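K.L.:
So here's work.pdb, just PDB, C-alpha atoms, pLDDT in the B column:
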```pdb
ATOM      1  CA  GLN A 146      29.269 -26.367 117.945  1.00 74.00           C
ATOM      2  CA  LYS A 147      25.690 -25.766 119.037  1.00 78.00           C
ATOM      3  CA  GLU A 148      24.525 -27.643 122.110  1.00 89.00           C
ATOM      4  CA  VAL A 149      21.494 -29.052 120.312  1.00 94.00           C
ATOM      5  CA  GLU A 150      21.392 -29.280 116.530  1.00 95.00           C
ATOM      6  CA  GLN A 151      18.511 -29.945 114.207  1.00 96.00           C
ATOM      7  CA  ASN A 152      18.082 -29.635 110.469  1.00 91.00           C
ATOM      8  CA  SER A 153      15.821 -26.610 110.001  1.00 88.00           C
ATOM      9  CA  GLY A 154      14.052 -28.171 107.008  1.00 87.00           C
ATOM     10  CA  PRO A 155      11.504 -27.922 105.667  1.00 94.00           C
ATOM     11  CA  LEU A 156      11.093 -31.668 105.637  1.00 96.00           C
ATOM     12  CA  SER A 157       8.346 -32.452 103.150  1.00 97.00           C
ATOM     13  CA  VAL A 158       6.628 -35.845 103.199  1.00 97.00           C
ATOM     14  CA  PRO A 159       3.451 -37.130 101.537  1.00 97.00           C
ATOM     15  CA  GLU A 160       0.414 -37.954 103.633  1.00 97.00           C
ATOM     16  CA  GLY A 161       0.655 -41.464 105.064  1.00 97.00           C
ATOM     17  CA  ALA A 162       4.451 -41.590 104.927  1.00 97.00           C
ATOM     18  CA  ILE A 163       6.898 -41.851 107.822  1.00 97.00           C
ATOM     19  CA  ALA A 164       8.520 -38.572 108.846  1.00 97.00           C
ATOM     20  CA  SER A 165      11.935 -38.876 110.475  1.00 97.00           C
ATOM     21  CA  LEU A 166      13.217 -35.969 112.541  1.00 97.00           C
ATOM     22  CA  ASN A 167      16.745 -35.961 113.910  1.00 97.00           C
ATOM     23  CA  CYS A 168      18.580 -34.163 116.683  1.00 96.00           C
ATOM     24  CA  THR A 169      22.159 -34.300 117.971  1.00 96.00           C
ATOM     25  CA  TYR A 170      23.498 -32.878 121.195  1.00 94.00           C
ATOM     26  CA  SER A 171      26.994 -32.027 122.303  1.00 91.00           C
ATOM     27  CA  ASP A 172      27.037 -32.445 126.092  1.00 85.00           C
ATOM     28  CA  ARG A 173      27.348 -36.046 127.278  1.00 82.00           C
ATOM     29  CA  VAL A 174      25.953 -35.203 130.732  1.00 80.00           C
ATOM     30  CA  SER A 175      22.546 -34.574 129.171  1.00 78.00           C
ATOM     31  CA  GLN A 176      20.001 -36.811 130.826  1.00 81.00           C
ATOM     32  CA  SER A 177      16.515 -36.104 129.553  1.00 90.00           C
ATOM     33  CA  PHE A 178      15.270 -35.529 126.040  1.00 94.00           C
ATOM     34  CA  PHE A 179      12.022 -34.074 124.808  1.00 95.00           C
ATOM     35  CA  TRP A 180      10.216 -33.471 121.560  1.00 97.00           C
ATOM     36  CA  TYR A 181       7.816 -30.559 121.372  1.00 97.00           C
ATOM     37  CA  ARG A 182       5.516 -29.672 118.494  1.00 98.00           C
ATOM     38  CA  GLN A 183       4.852 -26.012 117.804  1.00 97.00           C
ATOM     39  CA  TYR A 184       2.261 -24.732 115.382  1.00 97.00           C
ATOM     40  CA  SER A 185       2.824 -21.280 113.934  1.00 94.00           C
ATOM     41  CA  GLY A 186       1.915 -18.611 116.485  1.00 91.00           C
ATOM     42  CA  LYS A 187       1.217 -21.175 119.221  1.00 94.00           C
ATOM     43  CA  SER A 188       3.191 -22.429 122.210  1.00 96.00           C
ATOM     44  CA  PRO A 189       5.236 -25.655 122.296  1.00 97.00           C
ATOM     45  CA  GLU A 190       3.251 -28.813 123.045  1.00 96.00           C
ATOM     46  CA  LEU A 191       4.966 -31.866 124.501  1.00 95.00           C
ATOM     47  CA  ILE A 192       4.947 -34.862 122.151  1.00 95.00           C
ATOM     48  CA  MET A 193       7.399 -37.280 123.749  1.00 94.00           C
ATOM     49  CA  SER A 194       9.964 -37.540 126.497  1.00 93.00           C
ATOM     50  CA  ILE A 195      12.728 -40.151 126.600  1.00 94.00           C
ATOM     51  CA  TYR A 196      15.353 -40.847 129.226  1.00 90.00           C
ATOM     52  CA  SER A 197      16.911 -44.232 128.387  1.00 90.00           C
ATOM     53  CA  ASN A 198      18.622 -45.652 125.331  1.00 93.00           C
ATOM     54  CA  GLY A 199      16.297 -47.354 122.890  1.00 95.00           C
ATOM     55  CA  ASP A 200      12.857 -46.709 121.512  1.00 96.00           C
ATOM     56  CA  LYS A 201       9.734 -45.316 123.132  1.00 96.00           C
ATOM     57  CA  GLU A 202       6.440 -45.504 121.302  1.00 96.00           C
ATOM     58  CA  ASP A 203       3.256 -43.512 121.831  1.00 95.00           C
ATOM     59  CA  GLY A 204       0.605 -43.931 119.171  1.00 97.00           C
ATOM     60  CA  ARG A 205       2.001 -42.795 115.824  1.00 97.00           C
ATOM     61  CA  PHE A 206       5.109 -41.348 117.466  1.00 98.00           C
ATOM     62  CA  THR A 207       8.350 -43.167 118.296  1.00 98.00           C
ATOM     63  CA  ALA A 208      11.287 -41.497 119.990  1.00 97.00           C
ATOM     64  CA  GLN A 209      14.712 -43.096 119.687  1.00 97.00           C
ATOM     65  CA  LEU A 210      17.695 -42.304 121.900  1.00 96.00           C
ATOM     66  CA  ASN A 211      21.318 -43.308 121.417  1.00 95.00           C
ATOM     67  CA  LYS A 212      23.448 -41.754 124.139  1.00 92.00           C
ATOM     68  CA  ALA A 213      26.692 -43.205 122.794  1.00 93.00           C
ATOM     69  CA  SER A 214      26.127 -41.371 119.502  1.00 94.00           C
ATOM     70  CA  GLN A 215      24.491 -38.382 121.254  1.00 94.00           C
ATOM     71  CA  TYR A 216      21.532 -38.684 118.950  1.00 95.00           C
ATOM     72  CA  VAL A 217      17.785 -38.560 119.463  1.00 97.00           C
ATOM     73  CA  SER A 218      15.139 -38.904 116.792  1.00 97.00           C
ATOM     74  CA  LEU A 219      11.376 -38.763 116.367  1.00 98.00           C
ATOM     75  CA  LEU A 220       9.499 -40.909 113.891  1.00 98.00           C
ATOM     76  CA  ILE A 221       5.959 -40.019 112.906  1.00 98.00           C
ATOM     77  CA  ARG A 222       4.108 -42.857 111.210  1.00 98.00           C
ATOM     78  CA  ASP A 223       1.132 -42.343 108.897  1.00 98.00           C
ATOM     79  CA  SER A 224       1.868 -38.628 108.701  1.00 98.00           C
ATOM     80  CA  GLN A 225      -1.163 -36.354 108.461  1.00 97.00           C
ATOM     81  CA  PRO A 226      -1.437 -32.764 107.185  1.00 97.00           C
ATOM     82  CA  SER A 227      -2.264 -31.811 110.796  1.00 97.00           C
ATOM     83  CA  ASP A 228       1.274 -32.915 111.739  1.00 97.00           C
ATOM     84  CA  SER A 229       2.649 -29.977 109.736  1.00 97.00           C
ATOM     85  CA  ALA A 230       4.439 -27.887 112.357  1.00 97.00           C
ATOM     86  CA  THR A 231       7.874 -27.118 113.752  1.00 97.00           C
ATOM     87  CA  TYR A 232       9.311 -29.880 115.918  1.00 98.00           C
ATOM     88  CA  LEU A 233      11.640 -28.754 118.681  1.00 97.00           C
ATOM     89  CA  CYS A 234      14.170 -31.088 120.250  1.00 97.00           C
ATOM     90  CA  ALA A 235      15.022 -30.170 123.843  1.00 95.00           C
ATOM     91  CA  VAL A 236      17.711 -31.514 126.135  1.00 93.00           C
ATOM     92  CA  ARG A 237      17.953 -31.258 129.920  1.00 88.00           C
ATOM     93  CA  LYS A 238      21.196 -31.604 131.790  1.00 75.00           C
ATOM     94  CA  GLU A 239      21.791 -32.712 135.342  1.00 63.00           C
ATOM     95  CA  LYS A 240      20.327 -30.863 138.297  1.00 55.00           C
ATOM     96  CA  SER A 241      23.635 -29.117 138.910  1.00 49.00           C
ATOM     97  CA  SER A 242      23.169 -27.255 135.663  1.00 44.00           C
ATOM     98  CA  GLY A 243      20.002 -25.732 136.989  1.00 54.00           C
ATOM     99  CA  ASP A 244      17.446 -27.835 135.159  1.00 71.00           C
ATOM    100  CA  LYS A 245      17.741 -25.834 132.002  1.00 79.00           C
ATOM    101  CA  LEU A 246      16.070 -27.032 128.867  1.00 87.00           C
ATOM    102  CA  THR A 247      18.201 -26.301 125.827  1.00 91.00           C
ATOM    103  CA  PHE A 248      16.281 -26.243 122.579  1.00 94.00           C
ATOM    104  CA  GLY A 249      17.394 -26.937 119.061  1.00 96.00           C
ATOM    105  CA  THR A 250      16.344 -24.498 116.369  1.00 95.00           C
ATOM    106  CA  GLY A 251      13.527 -26.809 115.283  1.00 96.00           C
ATOM    107  CA  THR A 252      12.694 -28.741 112.131  1.00 97.00           C
ATOM    108  CA  ARG A 253       9.767 -27.576 110.066  1.00 97.00           C
ATOM    109  CA  LEU A 254       7.669 -30.507 108.825  1.00 97.00           C
ATOM    110  CA  ALA A 255       5.272 -30.157 105.909  1.00 97.00           C
ATOM    111  CA  VAL A 256       2.922 -33.072 105.163  1.00 97.00           C
ATOM    112  CA  ARG A 257       1.536 -32.924 101.609  1.00 96.00           C
ATOM    113  CA  PRO A 258      -2.083 -34.115 101.169  1.00 93.00           C
TER     114      PRO A 258
ATOM    115  CA  ASP B 107      -4.869 -31.580 133.913  1.00 59.00           C
ATOM    116  CA  THR B 108      -1.666 -30.189 132.396  1.00 65.00           C
ATOM    117  CA  GLU B 109      -2.880 -26.640 131.928  1.00 91.00           C
ATOM    118  CA  VAL B 110      -0.784 -23.534 132.345  1.00 96.00           C
ATOM    119  CA  THR B 111      -2.703 -20.313 131.769  1.00 97.00           C
ATOM    120  CA  GLN B 112      -1.286 -16.948 130.771  1.00 98.00           C
ATOM    121  CA  THR B 113      -2.823 -13.491 130.641  1.00 97.00           C
ATOM    122  CA  PRO B 114      -3.114 -11.371 128.645  1.00 97.00           C
ATOM    123  CA  LYS B 115      -2.988 -13.167 125.298  1.00 97.00           C
ATOM    124  CA  HIS B 116      -1.862 -10.015 123.537  1.00 97.00           C
ATOM    125  CA  LEU B 117      -0.253  -6.863 124.893  1.00 97.00           C
ATOM    126  CA  VAL B 118       0.756  -3.664 123.130  1.00 96.00           C
ATOM    127  CA  MET B 119       2.749  -1.180 125.165  1.00 94.00           C
ATOM    128  CA  GLY B 120       4.820   1.922 124.707  1.00 92.00           C
ATOM    129  CA  MET B 121       8.405   2.214 125.801  1.00 92.00           C
ATOM    130  CA  THR B 122       7.457   4.265 128.863  1.00 91.00           C
ATOM    131  CA  ASN B 123       4.678   1.967 130.058  1.00 91.00           C
ATOM    132  CA  LYS B 124       4.714  -0.453 132.979  1.00 95.00           C
ATOM    133  CA  LYS B 125       2.811  -3.690 132.483  1.00 96.00           C
ATOM    134  CA  SER B 126       2.769  -7.203 133.907  1.00 98.00           C
ATOM    135  CA  LEU B 127       2.358 -10.663 132.458  1.00 98.00           C
ATOM    136  CA  LYS B 128       0.672 -13.315 134.566  1.00 98.00           C
ATOM    137  CA  CYS B 129       1.048 -17.088 134.597  1.00 98.00           C
ATOM    138  CA  GLU B 130      -0.913 -19.582 136.687  1.00 97.00           C
ATOM    139  CA  GLN B 131      -0.898 -23.349 137.174  1.00 96.00           C
ATOM    140  CA  HIS B 132      -2.740 -25.622 139.601  1.00 91.00           C
ATOM    141  CA  MET B 133      -0.855 -28.851 138.962  1.00 92.00           C
ATOM    142  CA  GLY B 134       1.242 -28.666 142.101  1.00 91.00           C
ATOM    143  CA  HIS B 135       4.343 -27.872 140.075  1.00 91.00           C
ATOM    144  CA  ARG B 136       7.064 -26.207 142.138  1.00 90.00           C
ATOM    145  CA  ALA B 137       9.282 -25.075 139.242  1.00 91.00           C
ATOM    146  CA  MET B 138       8.134 -22.252 136.982  1.00 94.00           C
ATOM    147  CA  TYR B 139       9.864 -20.688 134.015  1.00 94.00           C
ATOM    148  CA  TRP B 140       9.760 -17.647 131.767  1.00 97.00           C
ATOM    149  CA  TYR B 141      10.902 -17.950 128.160  1.00 97.00           C
ATOM    150  CA  LYS B 142      11.122 -15.434 125.343  1.00 97.00           C
ATOM    151  CA  GLN B 143      10.587 -16.574 121.771  1.00 97.00           C
ATOM    152  CA  LYS B 144      11.246 -14.517 118.641  1.00 96.00           C
ATOM    153  CA  ALA B 145       9.808 -15.508 115.283  1.00 93.00           C
ATOM    154  CA  LYS B 146      11.369 -18.627 113.736  1.00 91.00           C
ATOM    155  CA  LYS B 147      13.648 -19.081 116.757  1.00 94.00           C
ATOM    156  CA  PRO B 148      13.483 -21.567 119.641  1.00 95.00           C
ATOM    157  CA  PRO B 149      12.388 -20.456 123.118  1.00 95.00           C
ATOM    158  CA  GLU B 150      15.128 -18.746 125.134  1.00 94.00           C
ATOM    159  CA  LEU B 151      15.124 -19.254 128.874  1.00 93.00           C
ATOM    160  CA  MET B 152      14.882 -16.051 130.931  1.00 96.00           C
ATOM    161  CA  PHE B 153      14.156 -17.073 134.541  1.00 94.00           C
ATOM    162  CA  VAL B 154      13.584 -20.178 136.649  1.00 92.00           C
ATOM    163  CA  TYR B 155      11.823 -20.294 140.014  1.00 93.00           C
ATOM    164  CA  SER B 156      12.171 -23.350 142.238  1.00 90.00           C
ATOM    165  CA  TYR B 157      10.009 -23.489 145.362  1.00 91.00           C
ATOM    166  CA  GLU B 158       9.110 -19.824 144.824  1.00 93.00           C
ATOM    167  CA  LYS B 159      12.747 -18.758 144.851  1.00 92.00           C
ATOM    168  CA  LEU B 160      14.625 -17.426 141.833  1.00 93.00           C
ATOM    169  CA  SER B 161      17.166 -20.090 140.892  1.00 89.00           C
ATOM    170  CA  ILE B 162      18.228 -19.011 137.411  1.00 88.00           C
ATOM    171  CA  ASN B 163      18.446 -15.569 135.801  1.00 91.00           C
ATOM    172  CA  GLU B 164      19.911 -15.856 132.318  1.00 91.00           C
ATOM    173  CA  SER B 165      21.451 -12.374 132.447  1.00 91.00           C
ATOM    174  CA  VAL B 166      18.131 -10.796 131.562  1.00 96.00           C
ATOM    175  CA  PRO B 167      18.035  -6.939 131.504  1.00 96.00           C
ATOM    176  CA  SER B 168      16.563  -5.362 134.621  1.00 96.00           C
ATOM    177  CA  ARG B 169      13.653  -3.935 132.633  1.00 97.00           C
ATOM    178  CA  PHE B 170      12.233  -7.462 133.065  1.00 98.00           C
ATOM    179  CA  SER B 171      11.432  -8.225 136.699  1.00 98.00           C
ATOM    180  CA  PRO B 172      10.043 -11.635 137.670  1.00 98.00           C
ATOM    181  CA  GLU B 173       7.989 -12.364 140.765  1.00 97.00           C
ATOM    182  CA  CYS B 174       6.641 -15.586 142.223  1.00 97.00           C
ATOM    183  CA  PRO B 175       4.079 -14.628 144.899  1.00 95.00           C
ATOM    184  CA  ASN B 176       3.043 -18.234 145.606  1.00 93.00           C
ATOM    185  CA  SER B 177       3.474 -21.744 144.255  1.00 91.00           C
ATOM    186  CA  SER B 178       0.753 -21.292 141.622  1.00 95.00           C
ATOM    187  CA  LEU B 179       1.519 -17.838 140.290  1.00 97.00           C
ATOM    188  CA  LEU B 180       4.343 -16.321 138.310  1.00 98.00           C
ATOM    189  CA  ASN B 181       4.467 -12.725 137.140  1.00 98.00           C
ATOM    190  CA  LEU B 182       6.767 -10.863 134.804  1.00 98.00           C
ATOM    191  CA  HIS B 183       6.842  -7.101 135.364  1.00 98.00           C
ATOM    192  CA  LEU B 184       7.808  -5.006 132.364  1.00 97.00           C
ATOM    193  CA  HIS B 185       9.158  -1.469 132.434  1.00 95.00           C
ATOM    194  CA  ALA B 186      10.888   0.750 129.866  1.00 94.00           C
ATOM    195  CA  LEU B 187      10.973  -1.967 127.236  1.00 95.00           C
ATOM    196  CA  GLN B 188      12.497  -1.567 123.810  1.00 96.00           C
ATOM    197  CA  PRO B 189      10.916  -2.461 120.443  1.00 96.00           C
ATOM    198  CA  GLU B 190      13.358  -5.376 120.148  1.00 96.00           C
ATOM    199  CA  ASP B 191      11.694  -6.899 123.236  1.00 97.00           C
ATOM    200  CA  SER B 192       8.623  -7.622 121.120  1.00 97.00           C
ATOM    201  CA  ALA B 193       8.192 -11.394 121.165  1.00 97.00           C
ATOM    202  CA  LEU B 194       6.082 -14.286 122.409  1.00 98.00           C
ATOM    203  CA  TYR B 195       6.578 -14.691 126.152  1.00 98.00           C
ATOM    204  CA  LEU B 196       6.044 -18.218 127.353  1.00 98.00           C
ATOM    205  CA  CYS B 197       5.524 -19.505 130.843  1.00 97.00           C
ATOM    206  CA  ALA B 198       6.174 -23.148 131.721  1.00 95.00           C
ATOM    207  CA  SER B 199       5.987 -25.271 134.850  1.00 94.00           C
ATOM    208  CA  SER B 200       7.214 -28.666 136.002  1.00 91.00           C
ATOM    209  CA  PHE B 201       7.338 -31.009 138.990  1.00 87.00           C
ATOM    210  CA  ILE B 202      10.502 -31.177 141.029  1.00 82.00           C
ATOM    211  CA  HIS B 203      11.514 -34.726 141.965  1.00 72.00           C
ATOM    212  CA  ARG B 204      12.431 -35.608 145.506  1.00 64.00           C
ATOM    213  CA  ALA B 205      16.009 -36.056 144.291  1.00 66.00           C
ATOM    214  CA  GLY B 206      15.891 -32.436 143.180  1.00 64.00           C
ATOM    215  CA  GLY B 207      15.725 -32.612 139.413  1.00 69.00           C
ATOM    216  CA  ALA B 208      12.878 -31.048 137.475  1.00 71.00           C
ATOM    217  CA  ASP B 209      10.485 -33.060 135.335  1.00 77.00           C
ATOM    218  CA  THR B 210       8.849 -32.374 131.987  1.00 88.00           C
ATOM    219  CA  GLN B 211       8.005 -28.747 131.328  1.00 91.00           C
ATOM    220  CA  TYR B 212       4.502 -27.832 130.223  1.00 93.00           C
ATOM    221  CA  PHE B 213       4.014 -24.549 128.426  1.00 96.00           C
ATOM    222  CA  GLY B 214       1.236 -22.008 128.626  1.00 97.00           C
ATOM    223  CA  PRO B 215      -0.254 -20.459 125.474  1.00 97.00           C
ATOM    224  CA  GLY B 216       1.999 -17.412 125.701  1.00 97.00           C
ATOM    225  CA  THR B 217       1.557 -13.644 125.634  1.00 98.00           C
ATOM    226  CA  ARG B 218       2.255 -11.908 122.336  1.00 97.00           C
ATOM    227  CA  LEU B 219       3.982  -8.662 123.303  1.00 97.00           C
ATOM    228  CA  THR B 220       4.421  -5.713 120.965  1.00 97.00           C
ATOM    229  CA  VAL B 221       6.500  -2.733 122.114  1.00 96.00           C
ATOM    230  CA  LEU B 222       5.933   0.447 120.139  1.00 94.00           C
TER     231      LEU B 222
END
```
Show me the file's structure as structure tokens.
P.N.:
Amino acid sequence: QKEVEQNSGPLSVPEGAIASLNCTYSDRVSQSFFWYRQYSGKSPELIMSIYSNGDKEDGRFTAQLNKASQYVSLLIRDSQPSDSATYLCAVRKEKSSGDKLTFGTGTRLAVRP
Amino acid sequence: DTEVTQTPKHLVMGMTNKKSLKCEQHMGHRAMYWYKQKAKKPPELMFVYSYEKLSINESVPSRFSPECPNSSLLNLHLHALQPEDSALYLCASSFIHRAGGADTQYFGPGTRLTVL
């Protein structure tokens, strides 16, 4: 079982729709969770971080964390063609693990005009 | 300001060359990271420096040699690389909390390395 799993996609949604990206992780000691957006040929850009169970909203983005189910998601409302990118879920374990970020393989999102 | 800079943007080198990648940040971050990313794959951690000391080496071959000369700079020295080392090399940095854990990592734009 991979430590962090994501559906590779592509996830195709029409412009203006809600895009829902999902991520599961295997290690219960994981403490911090991040979503990065990566355009082709560019470096990862932080979209959201979440540390506690529940929802966290920032503009059109909402991150949801459920530690009991070991599940984190990212919702993108009013999707725009400029949101088309690969979305990487990343998980950080406790300090004793050396502050490693473990990435999922990423979900490719395509927003159709 | 959450900017991490990397130079050069592109690098082409032969297998016998010696070259260096440079990373710089002025955000006061005391943790710095090197990642390697191949096409259509997630970033793979190579090295972590905490307070200018190497804290993690993910069993990286010795042809990659990291160096952290001060709290703002991180270098990656390259020697005798192989064509399969061609990739995007990413630098990242983060705060370290007083309790010891690292905070959110911010990535630089990367260096696209091609080994001939």
K.L.:
Written as a short mmCIF file (atom, residue, chain, number, x, y, z; two decimals) with C-alpha atoms, in the coordinates of the input, what is the full residue list that the ChimeraX specification (/A :<12) & /B yields on the file shown?
P.N.:
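Listed below is the output, result_27.cif:
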```
data_model
loop_
_atom_site.label_atom_id
_atom_site.label_comp_id
_atom_site.auth_asym_id
_atom_site.auth_seq_id
_atom_site.Cartn_x
_atom_site.Cartn_y
_atom_site.Cartn_z
CA THR B 108 -1.67 -30.19 132.40
CA GLU B 109 -2.88 -26.64 131.93
CA VAL B 110 -0.78 -23.53 132.34
CA THR B 111 -2.70 -20.31 131.77
CA GLN B 112 -1.29 -16.95 130.77
CA LYS B 115 -2.99 -13.17 125.30
CA HIS B 116 -1.86 -10.02 123.54
CA ALA B 137 9.28 -25.08 139.24
CA MET B 138 8.13 -22.25 136.98
CA TYR B 139 9.86 -20.69 134.01
CA TRP B 140 9.76 -17.65 131.77
CA TYR B 141 10.90 -17.95 128.16
CA LYS B 142 11.12 -15.43 125.34
CA GLN B 143 10.59 -16.57 121.77
CA LYS B 144 11.25 -14.52 118.64
CA ALA B 145 9.81 -15.51 115.28
CA LYS B 146 11.37 -18.63 113.74
CA LYS B 147 13.65 -19.08 116.76
CA PRO B 148 13.48 -21.57 119.64
CA PRO B 149 12.39 -20.46 123.12
CA GLU B 150 15.13 -18.75 125.13
CA LEU B 151 15.12 -19.25 128.87
CA MET B 152 14.88 -16.05 130.93
CA PHE B 153 14.16 -17.07 134.54
CA VAL B 154 13.58 -20.18 136.65
CA TYR B 155 11.82 -20.29 140.01
CA SER B 156 12.17 -23.35 142.24
CA LEU B 160 14.62 -17.43 141.83
CA SER B 161 17.17 -20.09 140.89
CA ILE B 162 18.23 -19.01 137.41
CA ASN B 163 18.45 -15.57 135.80
CA GLU B 164 19.91 -15.86 132.32
CA ALA B 193 8.19 -11.39 121.16
CA LEU B 194 6.08 -14.29 122.41
CA TYR B 195 6.58 -14.69 126.15
CA LEU B 196 6.04 -18.22 127.35
CA CYS B 197 5.52 -19.50 130.84
CA ALA B 198 6.17 -23.15 131.72
CA SER B 199 5.99 -25.27 134.85
CA SER B 200 7.21 -28.67 136.00
CA PHE B 201 7.34 -31.01 138.99
CA ILE B 202 10.50 -31.18 141.03
CA HIS B 203 11.51 -34.73 141.96
CA ARG B 204 12.43 -35.61 145.51
CA ALA B 205 16.01 -36.06 144.29
CA GLY B 206 15.89 -32.44 143.18
CA GLY B 207 15.72 -32.61 139.41
CA ALA B 208 12.88 -31.05 137.48
CA ASP B 209 10.48 -33.06 135.34
CA THR B 210 8.85 -32.37 131.99
CA GLN B 211 8.01 -28.75 131.33
CA TYR B 212 4.50 -27.83 130.22
CA PHE B 213 4.01 -24.55 128.43
CA GLY B 214 1.24 -22.01 128.63
CA PRO B 215 -0.25 -20.46 125.47
CA GLY B 216 2.00 -17.41 125.70
CA THR B 217 1.56 -13.64 125.63
CA ARG B 218 2.26 -11.91 122.34
#
```
K.L.:
Can you tell me which residues surround Gly204 in chain A at a distance of at most 12 Å, considering all atoms listed in the file, apart from same-chain residues fewer than 5 positions away, and format the answer as a compact mmCIF listing (two decimals) with C-alpha atoms, in the frame of the given file?
P.N.:
```
# COMPACT_ATOMS: atom_id res chain seq x y z
CA ILE A 192 4.95 -34.86 122.15
CA MET A 193 7.40 -37.28 123.75
CA LEU A 220 9.50 -40.91 113.89
CA ILE A 221 5.96 -40.02 112.91
CA ARG A 222 4.11 -42.86 111.21
CA ASP A 223 1.13 -42.34 108.90
CA SER A 224 1.87 -38.63 108.70
```
K.L.:
Would you mind reading off the distance between CA of Val166 in chain B and CA of His183 in chain B, one decimal, in Å?
P.N.:
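Going from CA of Val166 in chain B over to CA of His183 in chain B, I get 12.5 Å.
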K.L.:
What's the 8 Å shell around Leu179 in chain B, counting only C-alpha atoms, without same-chain residues fewer than 5 positions away, as a list in words?
P.N.:
Lys128, Cys129, Glu130, Gln131 and Cys174 of chain B
K.L.:
What's the separation between CA of Ser218 in chain A and CA of Ser197 in chain A, in Å to one decimal place?
P.N.:
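Computed distance, CA of Ser218 in chain A to CA of Ser197 in chain A, equals 12.9 Å.
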K.L.:
Since the input is missing atoms for range 196-208 of chain A, could you rebuild it with N, CA, C and O atoms and give the result as an mmCIF file, keeping the file's coordinate frame?
P.N.:
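The new file out.cif reads:
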```cif
data_model
loop_
_atom_site.group_PDB
_atom_site.id
_atom_site.type_symbol
_atom_site.label_atom_id
_atom_site.label_comp_id
_atom_site.auth_asym_id
_atom_site.auth_seq_id
_atom_site.Cartn_x
_atom_site.Cartn_y
_atom_site.Cartn_z
ATOM 1 N N TYR A 196 14.272 -40.980 128.270
ATOM 2 C CA TYR A 196 15.353 -40.847 129.226
ATOM 3 C C TYR A 196 16.410 -41.938 129.090
ATOM 4 O O TYR A 196 17.543 -41.773 129.518
ATOM 5 N N SER A 197 16.005 -43.082 128.476
ATOM 6 C CA SER A 197 16.911 -44.232 128.387
ATOM 7 C C SER A 197 17.178 -44.575 126.933
ATOM 8 O O SER A 197 16.342 -44.309 126.061
ATOM 9 N N ASN A 198 18.303 -45.196 126.684
ATOM 10 C CA ASN A 198 18.622 -45.652 125.331
ATOM 11 C C ASN A 198 17.539 -46.579 124.807
ATOM 12 O O ASN A 198 16.956 -47.365 125.553
ATOM 13 N N GLY A 199 17.267 -46.481 123.513
ATOM 14 C CA GLY A 199 16.297 -47.354 122.890
ATOM 15 C C GLY A 199 15.140 -46.570 122.312
ATOM 16 O O GLY A 199 15.255 -45.378 122.044
ATOM 17 N N ASP A 200 14.049 -47.284 122.124
ATOM 18 C CA ASP A 200 12.857 -46.709 121.512
ATOM 19 C C ASP A 200 11.751 -46.556 122.536
ATOM 20 O O ASP A 200 11.617 -47.352 123.467
ATOM 21 N N LYS A 201 10.946 -45.524 122.322
ATOM 22 C CA LYS A 201 9.734 -45.316 123.132
ATOM 23 C C LYS A 201 8.615 -44.936 122.180
ATOM 24 O O LYS A 201 8.759 -43.998 121.402
ATOM 25 N N GLU A 202 7.533 -45.701 122.252
ATOM 26 C CA GLU A 202 6.440 -45.504 121.302
ATOM 27 C C GLU A 202 5.214 -44.961 122.012
ATOM 28 O O GLU A 202 4.882 -45.358 123.136
ATOM 29 N N ASP A 203 4.519 -44.048 121.322
ATOM 30 C CA ASP A 203 3.256 -43.512 121.831
ATOM 31 C C ASP A 203 2.390 -43.209 120.622
ATOM 32 O O ASP A 203 2.588 -42.180 119.958
ATOM 33 N N GLY A 204 1.459 -44.126 120.338
ATOM 34 C CA GLY A 204 0.605 -43.931 119.171
ATOM 35 C C GLY A 204 1.416 -43.924 117.885
ATOM 36 O O GLY A 204 2.183 -44.844 117.621
ATOM 37 N N ARG A 205 1.275 -42.885 117.094
ATOM 38 C CA ARG A 205 2.001 -42.795 115.824
ATOM 39 C C ARG A 205 3.435 -42.291 115.999
ATOM 40 O O ARG A 205 4.186 -42.213 115.020
ATOM 41 N N PHE A 206 3.790 -41.941 117.203
ATOM 42 C CA PHE A 206 5.109 -41.348 117.466
ATOM 43 C C PHE A 206 6.049 -42.360 118.123
ATOM 44 O O PHE A 206 5.640 -43.092 119.024
ATOM 45 N N THR A 207 7.302 -42.375 117.661
ATOM 46 C CA THR A 207 8.350 -43.167 118.296
ATOM 47 C C THR A 207 9.574 -42.290 118.470
ATOM 48 O O THR A 207 10.061 -41.696 117.506
ATOM 49 N N ALA A 208 10.037 -42.201 119.708
ATOM 50 C CA ALA A 208 11.287 -41.497 119.990
ATOM 51 C C ALA A 208 12.394 -42.532 120.134
ATOM 52 O O ALA A 208 12.179 -43.610 120.680
#
```
